[in-house]
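Asker: What follows is upload.cif, mmCIF, C-alpha atoms; chains and numbers go by the auth columns.
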data_final
loop_
_atom_site.group_PDB
_atom_site.id
_atom_site.type_symbol
_atom_site.label_atom_id
_atom_site.label_comp_id
_atom_site.label_asym_id
_atom_site.label_seq_id
_atom_site.Cartn_x
_atom_site.Cartn_y
_atom_site.Cartn_z
_atom_site.B_iso_or_equiv
_atom_site.auth_seq_id
_atom_site.auth_asym_id
ATOM 1 C CA MET A 1 0.000 0.000 0.000 0.00 9 A
ATOM 2 C CA TRP A 2 2.716 2.458 0.982 0.00 10 A
ATOM 3 C CA LEU A 3 4.595 1.781 -2.228 0.00 11 A
ATOM 4 C CA ALA A 4 1.432 2.433 -4.227 0.00 12 A
ATOM 5 C CA ILE A 5 0.861 5.725 -2.391 0.00 13 A
ATOM 6 C CA LEU A 6 4.490 6.727 -2.997 0.00 14 A
ATOM 7 C CA LEU A 7 4.222 5.929 -6.698 0.00 15 A
ATOM 8 C CA SER A 8 0.979 7.913 -6.907 0.00 16 A
ATOM 9 C CA ALA A 9 2.663 10.919 -5.268 0.00 17 A
ATOM 10 C CA ILE A 10 5.626 10.658 -7.646 0.00 18 A
ATOM 11 C CA ALA A 11 3.339 10.366 -10.657 0.00 19 A
ATOM 12 C CA MET A 12 1.293 13.384 -9.584 0.00 20 A
ATOM 13 C CA THR A 13 4.462 15.398 -8.976 0.00 21 A
ATOM 14 C CA ALA A 14 5.565 14.583 -12.526 0.00 22 A
ATOM 15 C CA ILE A 15 2.153 15.603 -13.866 0.00 23 A
ATOM 16 C CA VAL A 16 2.224 18.933 -12.007 0.00 24 A
ATOM 17 C CA GLY A 17 5.773 19.598 -13.183 0.00 25 A
ATOM 18 C CA VAL A 18 5.082 18.735 -16.821 0.00 26 A
ATOM 19 C CA ARG A 19 1.883 20.807 -16.730 0.00 27 A
ATOM 20 C CA TYR A 20 3.886 23.767 -15.421 0.00 28 A
ATOM 21 C CA PHE A 21 6.492 23.527 -18.189 0.00 29 A
ATOM 22 C CA ILE A 22 3.877 23.106 -20.922 0.00 30 A
ATOM 23 C CA VAL A 23 1.570 25.940 -19.824 0.00 31 A
ATOM 24 C CA SER A 24 4.199 28.426 -18.645 0.00 32 A
ATOM 25 C CA GLY A 25 6.379 27.587 -21.628 0.00 33 A
ATOM 26 C CA ALA A 26 3.491 28.101 -24.042 0.00 34 A
ATOM 27 C CA PHE A 27 2.597 31.495 -22.583 0.00 35 A
ATOM 28 C CA ALA A 28 6.255 32.516 -22.437 0.00 36 A
ATOM 29 C CA ALA A 29 6.521 31.650 -26.133 0.00 37 A
ATOM 30 C CA ALA A 30 3.341 33.616 -26.827 0.00 38 A
ATOM 31 C CA THR A 31 4.892 36.571 -25.019 0.00 39 A
ATOM 32 C CA ARG A 32 8.008 36.419 -27.187 0.00 40 A
ATOM 33 C CA ALA A 33 5.829 36.317 -30.309 0.00 41 A
ATOM 34 C CA ARG A 34 3.345 39.003 -29.280 0.00 42 A
ATOM 35 C CA HIS A 35 5.650 41.353 -27.346 0.00 43 A
ATOM 36 C CA PRO A 36 9.292 40.793 -28.341 0.00 44 A
ATOM 37 C CA GLY A 37 11.673 42.089 -25.701 0.00 45 A
ATOM 38 C CA LEU A 38 9.099 42.141 -22.909 0.00 46 A
ATOM 39 C CA TYR A 39 11.248 39.825 -20.742 0.00 47 A
ATOM 40 C CA ARG A 40 14.546 41.347 -21.835 0.00 48 A
ATOM 41 C CA GLY A 41 17.022 41.476 -18.958 0.00 49 A
ATOM 42 C CA LEU A 42 15.039 38.923 -16.905 0.00 50 A
ATOM 43 C CA ASP A 43 16.899 35.702 -17.829 0.00 51 A
ATOM 44 C CA ALA A 44 18.402 35.216 -14.360 0.00 52 A
ATOM 45 C CA GLN A 45 15.039 35.916 -12.750 0.00 53 A
ATOM 46 C CA MET A 46 13.271 33.394 -14.980 0.00 54 A
ATOM 47 C CA ARG A 47 15.845 30.695 -14.185 0.00 55 A
ATOM 48 C CA ARG A 48 15.219 31.310 -10.486 0.00 56 A
ATOM 49 C CA GLU A 49 11.437 31.171 -11.046 0.00 57 A
ATOM 50 C CA ILE A 50 11.793 27.800 -12.761 0.00 58 A
ATOM 51 C CA TRP A 51 13.884 26.266 -9.983 0.00 59 A
ATOM 52 C CA TRP A 52 11.487 27.401 -7.253 0.00 60 A
ATOM 53 C CA SER A 53 8.583 26.105 -9.357 0.00 61 A
ATOM 54 C CA ILE A 54 10.154 22.660 -9.705 0.00 62 A
ATOM 55 C CA ALA A 55 10.355 22.452 -5.910 0.00 63 A
ATOM 56 C CA SER A 56 6.743 23.616 -5.649 0.00 64 A
ATOM 57 C CA ALA A 57 5.654 20.902 -8.103 0.00 65 A
ATOM 58 C CA ALA A 58 6.778 18.225 -5.629 0.00 66 A
ATOM 59 C CA ILE A 59 4.951 19.929 -2.773 0.00 67 A
ATOM 60 C CA TYR A 60 1.756 20.175 -4.830 0.00 68 A
ATOM 61 C CA GLY A 61 2.128 16.643 -6.150 0.00 69 A
ATOM 62 C CA VAL A 62 2.455 14.773 -2.849 0.00 70 A
ATOM 63 C CA PRO A 63 -0.969 15.589 -1.275 0.00 71 A
ATOM 64 C CA ALA A 64 -2.630 15.366 -4.696 0.00 72 A
ATOM 65 C CA GLY A 65 -1.118 11.928 -5.251 0.00 73 A
ATOM 66 C CA ILE A 66 -2.180 10.668 -1.821 0.00 74 A
ATOM 67 C CA VAL A 67 -5.747 11.884 -2.310 0.00 75 A
ATOM 68 C CA ALA A 68 -5.884 10.455 -5.857 0.00 76 A
ATOM 69 C CA TRP A 69 -4.823 7.047 -4.542 0.00 77 A
ATOM 70 C CA GLY A 70 -7.388 7.210 -1.746 0.00 78 A
ATOM 71 C CA TRP A 71 -10.149 8.186 -4.154 0.00 79 A
ATOM 72 C CA GLN A 72 -9.408 5.334 -6.549 0.00 80 A
ATOM 73 C CA ASN A 73 -8.653 2.615 -3.999 0.00 81 A
ATOM 74 C CA ARG A 74 -10.548 3.503 -0.817 0.00 82 A
ATOM 75 C CA GLY A 75 -13.425 5.670 -1.966 0.00 83 A
ATOM 76 C CA TRP A 76 -12.113 8.731 -0.188 0.00 84 A
ATOM 77 C CA THR A 77 -13.356 12.155 -1.292 0.00 85 A
ATOM 78 C CA GLN A 78 -16.631 13.250 -2.831 0.00 86 A
ATOM 79 C CA ILE A 79 -15.378 13.086 -6.417 0.00 87 A
ATOM 80 C CA TYR A 80 -17.898 11.275 -8.602 0.00 88 A
ATOM 81 C CA THR A 81 -17.662 9.958 -12.156 0.00 89 A
ATOM 82 C CA ASP A 82 -21.335 9.480 -13.091 0.00 90 A
ATOM 83 C CA VAL A 83 -22.443 12.831 -14.493 0.00 91 A
ATOM 84 C CA HIS A 84 -26.025 11.975 -13.530 0.00 92 A
ATOM 85 C CA ALA A 85 -25.233 11.359 -9.873 0.00 93 A
ATOM 86 C CA TYR A 86 -26.304 14.952 -9.244 0.00 94 A
ATOM 87 C CA PRO A 87 -28.558 17.255 -11.292 0.00 95 A
ATOM 88 C CA LEU A 88 -26.830 18.728 -14.335 0.00 96 A
ATOM 89 C CA TRP A 89 -27.264 22.257 -12.971 0.00 97 A
ATOM 90 C CA TYR A 90 -24.960 21.246 -10.135 0.00 98 A
ATOM 91 C CA LEU A 91 -21.969 20.887 -12.479 0.00 99 A
ATOM 92 C CA PRO A 92 -21.382 24.654 -12.944 0.00 100 A
ATOM 93 C CA VAL A 93 -22.392 25.295 -9.330 0.00 101 A
ATOM 94 C CA SER A 94 -19.712 22.910 -8.086 0.00 102 A
ATOM 95 C CA VAL A 95 -17.085 24.575 -10.292 0.00 103 A
ATOM 96 C CA LEU A 96 -18.027 28.022 -8.968 0.00 104 A
ATOM 97 C CA ALA A 97 -18.085 26.701 -5.389 0.00 105 A
ATOM 98 C CA PHE A 98 -14.543 25.337 -5.768 0.00 106 A
ATOM 99 C CA LEU A 99 -13.292 28.544 -7.373 0.00 107 A
ATOM 100 C CA PHE A 100 -14.872 30.768 -4.716 0.00 108 A
ATOM 101 C CA ALA A 101 -13.611 28.581 -1.857 0.00 109 A
ATOM 102 C CA HIS A 102 -10.126 28.504 -3.384 0.00 110 A
ATOM 103 C CA ASP A 103 -10.221 32.255 -3.940 0.00 111 A
ATOM 104 C CA THR A 104 -11.270 32.822 -0.324 0.00 112 A
ATOM 105 C CA TRP A 105 -8.476 30.623 0.992 0.00 113 A
ATOM 106 C CA PHE A 106 -5.956 32.292 -1.323 0.00 114 A
ATOM 107 C CA TYR A 107 -7.009 35.821 -0.374 0.00 115 A
ATOM 108 C CA TRP A 108 -6.664 35.334 3.380 0.00 116 A
ATOM 109 C CA THR A 109 -3.503 33.208 3.317 0.00 117 A
ATOM 110 C CA HIS A 110 -1.959 35.588 0.788 0.00 118 A
ATOM 111 C CA ARG A 111 -2.858 38.579 2.944 0.00 119 A
ATOM 112 C CA TRP A 112 -1.406 36.826 5.997 0.00 120 A
ATOM 113 C CA MET A 113 1.824 36.203 4.099 0.00 121 A
ATOM 114 C CA HIS A 114 2.189 39.939 3.630 0.00 122 A
ATOM 115 C CA ARG A 115 2.616 40.397 7.362 0.00 123 A
ATOM 116 C CA PRO A 116 6.280 41.215 8.082 0.00 124 A
ATOM 117 C CA LYS A 117 7.465 37.866 9.463 0.00 125 A
ATOM 118 C CA PRO A 118 5.751 35.506 6.969 0.00 126 A
ATOM 119 C CA PHE A 119 6.730 37.814 4.127 0.00 127 A
ATOM 120 C CA LYS A 120 10.395 37.844 5.080 0.00 128 A
ATOM 121 C CA LEU A 121 10.422 34.096 5.750 0.00 129 A
ATOM 122 C CA ALA A 122 8.547 32.882 2.681 0.00 130 A
ATOM 123 C CA HIS A 123 6.547 35.219 0.460 0.00 131 A
ATOM 124 C CA ALA A 124 9.544 37.402 -0.444 0.00 132 A
ATOM 125 C CA VAL A 125 10.646 34.567 -2.757 0.00 133 A
ATOM 126 C CA HIS A 126 7.616 35.141 -4.983 0.00 134 A
ATOM 127 C CA HIS A 127 7.939 38.913 -4.870 0.00 135 A
ATOM 128 C CA ALA A 128 11.549 38.727 -5.986 0.00 136 A
ATOM 129 C CA SER A 129 9.952 38.480 -9.449 0.00 137 A
ATOM 130 C CA ARG A 130 9.815 42.174 -10.366 0.00 138 A
ATOM 131 C CA PRO A 131 8.061 42.240 -12.759 0.00 139 A
ATOM 132 C CA PRO A 132 6.684 38.680 -12.792 0.00 140 A
ATOM 133 C CA THR A 133 6.882 36.559 -15.926 0.00 141 A
ATOM 134 C CA ALA A 134 4.948 33.586 -17.295 0.00 142 A
ATOM 135 C CA TRP A 135 7.366 31.329 -15.355 0.00 143 A
ATOM 136 C CA ALA A 136 6.511 32.894 -11.955 0.00 144 A
ATOM 137 C CA ALA A 137 3.120 31.299 -11.265 0.00 145 A
ATOM 138 C CA MET A 138 4.582 28.527 -9.048 0.00 146 A
ATOM 139 C CA ALA A 139 7.748 30.290 -7.900 0.00 147 A
ATOM 140 C CA PHE A 140 7.059 29.847 -4.173 0.00 148 A
ATOM 141 C CA HIS A 141 9.013 29.219 -1.017 0.00 149 A
ATOM 142 C CA PRO A 142 8.092 25.727 0.299 0.00 150 A
ATOM 143 C CA ILE A 143 6.044 27.247 3.136 0.00 151 A
ATOM 144 C CA GLU A 144 3.927 29.180 0.667 0.00 152 A
ATOM 145 C CA ALA A 145 3.697 26.162 -1.639 0.00 153 A
ATOM 146 C CA ILE A 146 2.254 24.109 1.228 0.00 154 A
ATOM 147 C CA THR A 147 -0.507 26.657 1.847 0.00 155 A
ATOM 148 C CA GLY A 148 -1.447 26.441 -1.826 0.00 156 A
ATOM 149 C CA ALA A 149 -1.086 22.670 -2.126 0.00 157 A
ATOM 150 C CA VAL A 150 -3.590 21.672 0.567 0.00 158 A
ATOM 151 C CA ILE A 151 -6.719 23.544 -0.472 0.00 159 A
ATOM 152 C CA ILE A 152 -7.931 21.549 -3.509 0.00 160 A
ATOM 153 C CA PRO A 153 -7.192 18.163 -1.857 0.00 161 A
ATOM 154 C CA LEU A 154 -9.158 19.409 1.162 0.00 162 A
ATOM 155 C CA LEU A 155 -12.106 20.664 -0.884 0.00 163 A
ATOM 156 C CA VAL A 156 -12.655 17.293 -2.617 0.00 164 A
ATOM 157 C CA PHE A 157 -13.507 15.878 0.813 0.00 165 A
ATOM 158 C CA LEU A 158 -16.041 18.634 1.472 0.00 166 A
ATOM 159 C CA ILE A 159 -17.763 19.492 -1.824 0.00 167 A
ATOM 160 C CA PRO A 160 -19.090 16.859 -4.251 0.00 168 A
ATOM 161 C CA ILE A 161 -17.663 17.395 -7.729 0.00 169 A
ATOM 162 C CA ASN A 162 -17.617 15.459 -10.979 0.00 170 A
ATOM 163 C CA VAL A 163 -14.160 14.382 -12.106 0.00 171 A
ATOM 164 C CA GLY A 164 -14.557 16.358 -15.331 0.00 172 A
ATOM 165 C CA ALA A 165 -15.624 19.479 -13.433 0.00 173 A
ATOM 166 C CA LEU A 166 -12.595 19.048 -11.176 0.00 174 A
ATOM 167 C CA GLY A 167 -10.415 18.899 -14.276 0.00 175 A
ATOM 168 C CA LEU A 168 -11.950 22.208 -15.386 0.00 176 A
ATOM 169 C CA VAL A 169 -11.201 23.755 -11.980 0.00 177 A
ATOM 170 C CA LEU A 170 -7.571 22.645 -12.204 0.00 178 A
ATOM 171 C CA THR A 171 -7.325 23.989 -15.756 0.00 179 A
ATOM 172 C CA ILE A 172 -8.698 27.380 -14.720 0.00 180 A
ATOM 173 C CA MET A 173 -6.356 27.428 -11.719 0.00 181 A
ATOM 174 C CA THR A 174 -3.355 26.719 -13.930 0.00 182 A
ATOM 175 C CA VAL A 175 -4.222 29.157 -16.710 0.00 183 A
ATOM 176 C CA MET A 176 -5.120 32.011 -14.364 0.00 184 A
ATOM 177 C CA GLY A 177 -2.022 31.422 -12.245 0.00 185 A
ATOM 178 C CA VAL A 178 0.195 31.767 -15.308 0.00 186 A
ATOM 179 C CA THR A 179 -1.632 34.527 -17.175 0.00 187 A
ATOM 180 C CA ASN A 180 -1.930 36.687 -14.051 0.00 188 A
ATOM 181 C CA HIS A 181 1.883 36.878 -13.981 0.00 189 A
ATOM 182 C CA MET A 182 2.829 37.129 -17.641 0.00 190 A
ATOM 183 C CA GLY A 183 2.983 40.928 -17.856 0.00 191 A
ATOM 184 C CA TRP A 184 0.338 41.547 -20.521 0.00 192 A
ATOM 185 C CA GLU A 185 -3.322 40.844 -21.112 0.00 193 A
ATOM 186 C CA VAL A 186 -4.033 37.691 -23.074 0.00 194 A
ATOM 187 C CA PHE A 187 -7.794 37.969 -22.473 0.00 195 A
ATOM 188 C CA PRO A 188 -10.272 40.200 -24.350 0.00 196 A
ATOM 189 C CA ARG A 189 -10.639 43.736 -23.061 0.00 197 A
ATOM 190 C CA PHE A 190 -14.116 43.111 -21.584 0.00 198 A
ATOM 191 C CA MET A 191 -12.603 40.637 -19.109 0.00 199 A
ATOM 192 C CA TRP A 192 -10.398 43.249 -17.455 0.00 200 A
ATOM 193 C CA ARG A 193 -12.263 46.491 -18.217 0.00 201 A
ATOM 194 C CA GLY A 194 -15.909 47.366 -17.755 0.00 202 A
ATOM 195 C CA ALA A 195 -18.516 45.623 -15.626 0.00 203 A
ATOM 196 C CA LEU A 196 -17.141 42.075 -15.846 0.00 204 A
ATOM 197 C CA GLY A 197 -13.575 43.245 -15.324 0.00 205 A
ATOM 198 C CA GLY A 198 -14.687 44.914 -12.124 0.00 206 A
ATOM 199 C CA TRP A 199 -15.112 41.463 -10.566 0.00 207 A
ATOM 200 C CA LEU A 200 -12.569 39.248 -12.348 0.00 208 A
ATOM 201 C CA ILE A 201 -8.831 39.180 -11.721 0.00 209 A
ATOM 202 C CA THR A 202 -6.485 39.082 -14.685 0.00 210 A
ATOM 203 C CA ALA A 203 -2.899 40.207 -15.274 0.00 211 A
ATOM 204 C CA SER A 204 -3.792 43.920 -15.117 0.00 212 A
ATOM 205 C CA HIS A 205 -5.124 43.575 -11.587 0.00 213 A
ATOM 206 C CA HIS A 206 -2.377 41.303 -10.287 0.00 214 A
ATOM 207 C CA GLN A 207 0.317 43.543 -11.774 0.00 215 A
ATOM 208 C CA ARG A 208 -0.694 46.221 -9.277 0.00 216 A
ATOM 209 C CA HIS A 209 -0.093 43.729 -6.452 0.00 217 A
ATOM 210 C CA HIS A 210 3.479 43.168 -7.625 0.00 218 A
ATOM 211 C CA GLU A 211 3.943 46.934 -7.893 0.00 219 A
ATOM 212 C CA GLN A 212 2.576 47.967 -4.495 0.00 220 A
ATOM 213 C CA TYR A 213 2.427 44.694 -2.453 0.00 221 A
ATOM 214 C CA GLY A 214 -0.245 45.763 0.065 0.00 222 A
ATOM 215 C CA CYS A 215 -3.275 45.367 -2.196 0.00 223 A
ATOM 216 C CA ASN A 216 -5.017 43.141 -4.770 0.00 224 A
ATOM 217 C CA TYR A 217 -4.604 39.846 -2.919 0.00 225 A
ATOM 218 C CA GLY A 218 -7.214 37.763 -4.777 0.00 226 A
ATOM 219 C CA LEU A 219 -6.741 34.986 -7.321 0.00 227 A
ATOM 220 C CA TYR A 220 -9.886 34.742 -9.457 0.00 228 A
ATOM 221 C CA PHE A 221 -12.351 37.317 -8.176 0.00 229 A
ATOM 222 C CA ARG A 222 -12.119 40.847 -6.818 0.00 230 A
ATOM 223 C CA PHE A 223 -14.877 40.129 -4.252 0.00 231 A
ATOM 224 C CA TRP A 224 -12.710 39.956 -1.117 0.00 232 A
ATOM 225 C CA ASP A 225 -10.461 42.807 -2.222 0.00 233 A
ATOM 226 C CA ARG A 226 -13.456 45.053 -2.790 0.00 234 A
ATOM 227 C CA LEU A 227 -15.198 43.959 0.404 0.00 235 A
ATOM 228 C CA CYS A 228 -12.083 44.478 2.530 0.00 236 A
ATOM 229 C CA GLY A 229 -10.910 47.699 0.893 0.00 237 A
ATOM 230 C CA THR A 230 -7.729 46.214 -0.581 0.00 238 A
ATOM 231 C CA ASP A 231 -8.634 46.620 -4.257 0.00 239 A
ATOM 232 C CA LYS A 232 -6.399 49.296 -5.790 0.00 240 A
ATOM 233 C CA GLY A 233 -7.372 48.897 -9.413 0.00 241 A
ATOM 234 C CA LEU A 234 -5.196 47.966 -12.363 0.00 242 A
ATOM 235 C CA GLY A 235 -1.425 48.052 -12.698 0.00 243 A
ATOM 236 C CA ASP A 236 0.885 49.725 -15.184 0.00 244 A
ATOM 237 C CA PHE A 237 2.678 47.216 -17.411 0.00 245 A
ATOM 238 C CA THR A 238 4.639 49.860 -19.269 0.00 246 A
ATOM 239 C CA LYS A 239 6.298 51.306 -16.157 0.00 247 A
ATOM 240 C CA ALA A 240 7.157 47.928 -14.662 0.00 248 A
ATOM 241 C CA HIS A 241 8.811 46.586 -17.800 0.00 249 A
ATOM 242 C CA ALA A 242 10.626 49.827 -18.524 0.00 250 A
ATOM 243 C CA LYS A 243 12.260 49.501 -15.101 0.00 251 A
ATOM 244 C CA ALA A 244 13.150 45.857 -15.760 0.00 252 A
ATOM 245 C CA ALA A 245 14.653 46.719 -19.144 0.00 253 A
ATOM 246 C CA ALA A 246 16.712 49.487 -17.560 0.00 254 A
ATOM 247 C CA ARG A 247 18.091 47.027 -14.996 0.00 255 A
ATOM 248 C CA GLY A 248 18.973 44.606 -17.789 0.00 256 A
ATOM 249 C CA GLY A 249 20.598 47.237 -19.957 0.00 257 A
ATOM 250 C CA GLY A 250 17.955 46.847 -22.645 0.00 258 A
ATOM 251 C CA HIS A 251 15.059 48.938 -23.857 0.00 259 A
ATOM 252 C CA VAL A 252 11.392 48.038 -23.996 0.00 260 A
ATOM 253 C CA GLY A 253 9.370 50.375 -26.142 0.00 261 A
ATOM 254 C CA MET A 254 5.850 51.459 -25.365 0.00 262 A
ATOM 255 C CA ALA A 255 4.482 49.206 -28.086 0.00 263 A
ATOM 256 C CA ASP A 256 6.371 46.202 -26.703 0.00 264 A
ATOM 257 C CA ALA A 257 5.282 46.674 -23.112 0.00 265 A
ATOM 258 C CA GLY A 258 1.791 47.965 -23.316 0.00 266 A
ATOM 259 C CA SER A 259 -0.073 47.030 -26.481 0.00 267 A
ATOM 260 C CA GLY A 260 -1.631 43.983 -24.816 0.00 268 A
ATOM 261 C CA GLY A 261 -2.658 45.752 -21.624 0.00 269 A
ATOM 262 C CA PRO A 262 -3.400 49.067 -19.961 0.00 270 A
ATOM 263 C CA ARG A 263 -1.057 52.038 -20.266 0.00 271 A
ATOM 264 C CA HIS A 264 -2.342 53.667 -17.129 0.00 272 A
ATOM 265 C CA ALA A 265 -1.896 53.483 -13.392 0.00 273 A
ATOM 266 C CA ALA A 266 -5.461 53.194 -12.179 0.00 274 A
#
What is this file in structure tokens?

Answerer:
Amino acid sequence: MWLAILLSAIAMTAIVGVRYFIVSGAFAAATRARHPGLYRGLDAQMRREIWWSIASAAIYGVPAGIVAWGWQNRGWTQIYTDVHAYPLWYLPVSVLAFLFAHDTWFYWTHRWMHRPKPFKLAHAVHHASRPPTAWAAMAFHPIEAITGAVIIPLLVFLIPINVGALGLVLTIMTVMGVTNHMGWEVFPRFMWRGALGGWLITASHHQRHHEQYGCNYGLYFRFWDRLCGTDKGLGDFTKAHAKAAARGGGHVGMADAGSGGPRHAA
């Protein structure tokens, strides 16, 4: 049994790691194609982001592997495979419930990690990415990685969810984690401006967090930031990347840095 659990944890670690390289690598390549020079001068930073992310992959993979083994072999969790086990309307409800619960956990643990001691001990590793890149989504100190690794395995014990819906949750988690850090807006304008953008978090919103630190703590939704008075609007891609280019001895033009996102400091 213990060998099977170990193999499951190793397999899940490999899956998380490969997923990271595929998704972050794809969006990094898209950045090079869409905004050449946007990551100029950040090679050393990106190498550091990758190494921290590899360590995080193991931390995410172990609890996921244990829970996956328990689900398949002992009936642990409330994951179900029969799409008709619950009404069809429950499928989107379960996805939204997972995303909101994850967002709530992320907001409050993230805000806690901005207290002086936790920040210095752990969260400073993530904020060493100035500005963040597509490789930064999992660049965490092990303490921070643990806080992120436990929430989805915990939720599958509490909230019934179809295995396909869970796959959608994990896909959204991965894509949003990467795109929120890539330094430009990959999504249509209506997702980060206007009425819908007032409640959804994309790269524009998270950029402000990496600029000012003490605001914009959410992951998917702006609900907790707005409720708690920590929402400070959208960030300025142009300014952040101009500073990075200056540090690297390069030059990022306005068209390179800002054509995919806002040119303002809201």

Asker: Got a sec to resolve the PyMOL selection byres ((chain A and resi 52) around 12) on this structure and send the residues as a PyMOL selection string?

Answerer: chain A and resi 47-51+53-59+136-138+141+143+252+255-256

Asker: How close does each residue of stretch 13-78 of chain A get to stretch 85-96 of chain A, giving the shortest atom pair and distance in Å to one decimal for every residue with an atom at most 9 Å away, counting all atoms listed in the file, sorted by chain and residue number, as a tab-separated table?

Answerer:
residue	atom	partner	partner_atom	distance
A:Val75	CA	A:Thr85	CA	7.7
A:Ala76	CA	A:Thr85	CA	8.9
A:Gly78	CA	A:Thr85	CA	7.8

Asker: Kindly compute an axis-aligned box around the listed atoms of stretch 15-18 of chain A, allowing 8 Å on each side, and express its centre and edge lengths in Å to one decimal as AutoDock Vina command-line options.

Answerer:
--center_x 3.3 --center_y 8.4 --center_z -6.5 --size_x 20.6 --size_y 21.0 --size_z 18.4

Asker: Report the residues retrieved by the PyMOL selection byres ((chain A and resi 26-30) around 12) from the displayed file, expressed as an NGL selection string.

Answerer: :A and (19-25 or 31-37 or 57-66 or 68-69 or 142-147 or 178-179 or 181-183 or 185-186)

Asker: Name the residues captured by the PyMOL selection byres ((chain A and resi 109-116) around 9) when it is applied to the shown file; answer as a compact mmCIF listing (two decimals) with C-alpha atoms, in the coordinates of the input.

Answerer:
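Written output follows (out-v2.txt):
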# COMPACT_ATOMS: atom_id res chain seq x y z
CA LEU A 104 -18.03 28.02 -8.97
CA ALA A 105 -18.08 26.70 -5.39
CA PHE A 106 -14.54 25.34 -5.77
CA LEU A 107 -13.29 28.54 -7.37
CA PHE A 108 -14.87 30.77 -4.72
CA THR A 117 -3.50 33.21 3.32
CA HIS A 118 -1.96 35.59 0.79
CA ARG A 119 -2.86 38.58 2.94
CA TRP A 120 -1.41 36.83 6.00
CA MET A 121 1.82 36.20 4.10
CA THR A 155 -0.51 26.66 1.85
CA GLY A 156 -1.45 26.44 -1.83
CA ILE A 159 -6.72 23.54 -0.47
CA ILE A 160 -7.93 21.55 -3.51
CA LEU A 163 -12.11 20.66 -0.88
CA ASN A 224 -5.02 43.14 -4.77
CA TYR A 225 -4.60 39.85 -2.92
CA GLY A 226 -7.21 37.76 -4.78
CA LEU A 227 -6.74 34.99 -7.32
CA TYR A 228 -9.89 34.74 -9.46
CA PHE A 229 -12.35 37.32 -8.18
CA TRP A 232 -12.71 39.96 -1.12
CA ASP A 233 -10.46 42.81 -2.22

Asker: Please list as a list in words every residue within 7 Å of A:Ala211, counting all atoms listed in the file and excluding residues in the same chain fewer than 4 positions away.

Answerer: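 The filter keeps Thr187, Asn188, His189, Met190, Gly191, Trp192, Glu193 and Gln215 of chain A.
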
Asker: What is the distance between atom CA of A:His217 and atom CA of A:Gly243, in Å to one decimal?

Answerer: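 These two atoms are separated by 7.7 Å.
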
Asker: Atom CA of A:Glu219 and atom CA of A:Asp244, how far apart in Å?

Answerer: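 Interatomic distance here is 8.4 Å.
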
Asker: Tell me which protein, DNA and RNA residues are within 6 Å of stretch 149-151 of chain A, counting only C-alpha atoms, leaving out same-chain ones fewer than 2 positions away, and put them as a PDB file with C-alpha atoms, in the frame of the given file.

Answerer:
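part35.pdb was written with the following content:
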ATOM      1  CA  ALA A 130       8.547  32.882   2.681  1.00  0.00           C
ATOM      2  CA  VAL A 133      10.646  34.567  -2.757  1.00  0.00           C
ATOM      3  CA  ALA A 153       3.697  26.162  -1.639  1.00  0.00           C
ATOM      4  CA  ILE A 154       2.254  24.109   1.228  1.00  0.00           C
TER       5      ILE A 154
END

Asker: Select, from A:Gly206, A:Pro139, A:Pro124, A:Pro44, the residue with the minimum atom-to-atom distance to A:Thr246, counting all atoms listed in the file.

Answerer: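 The shortest atom-to-atom distance to A:Thr246 comes from A:Pro139.
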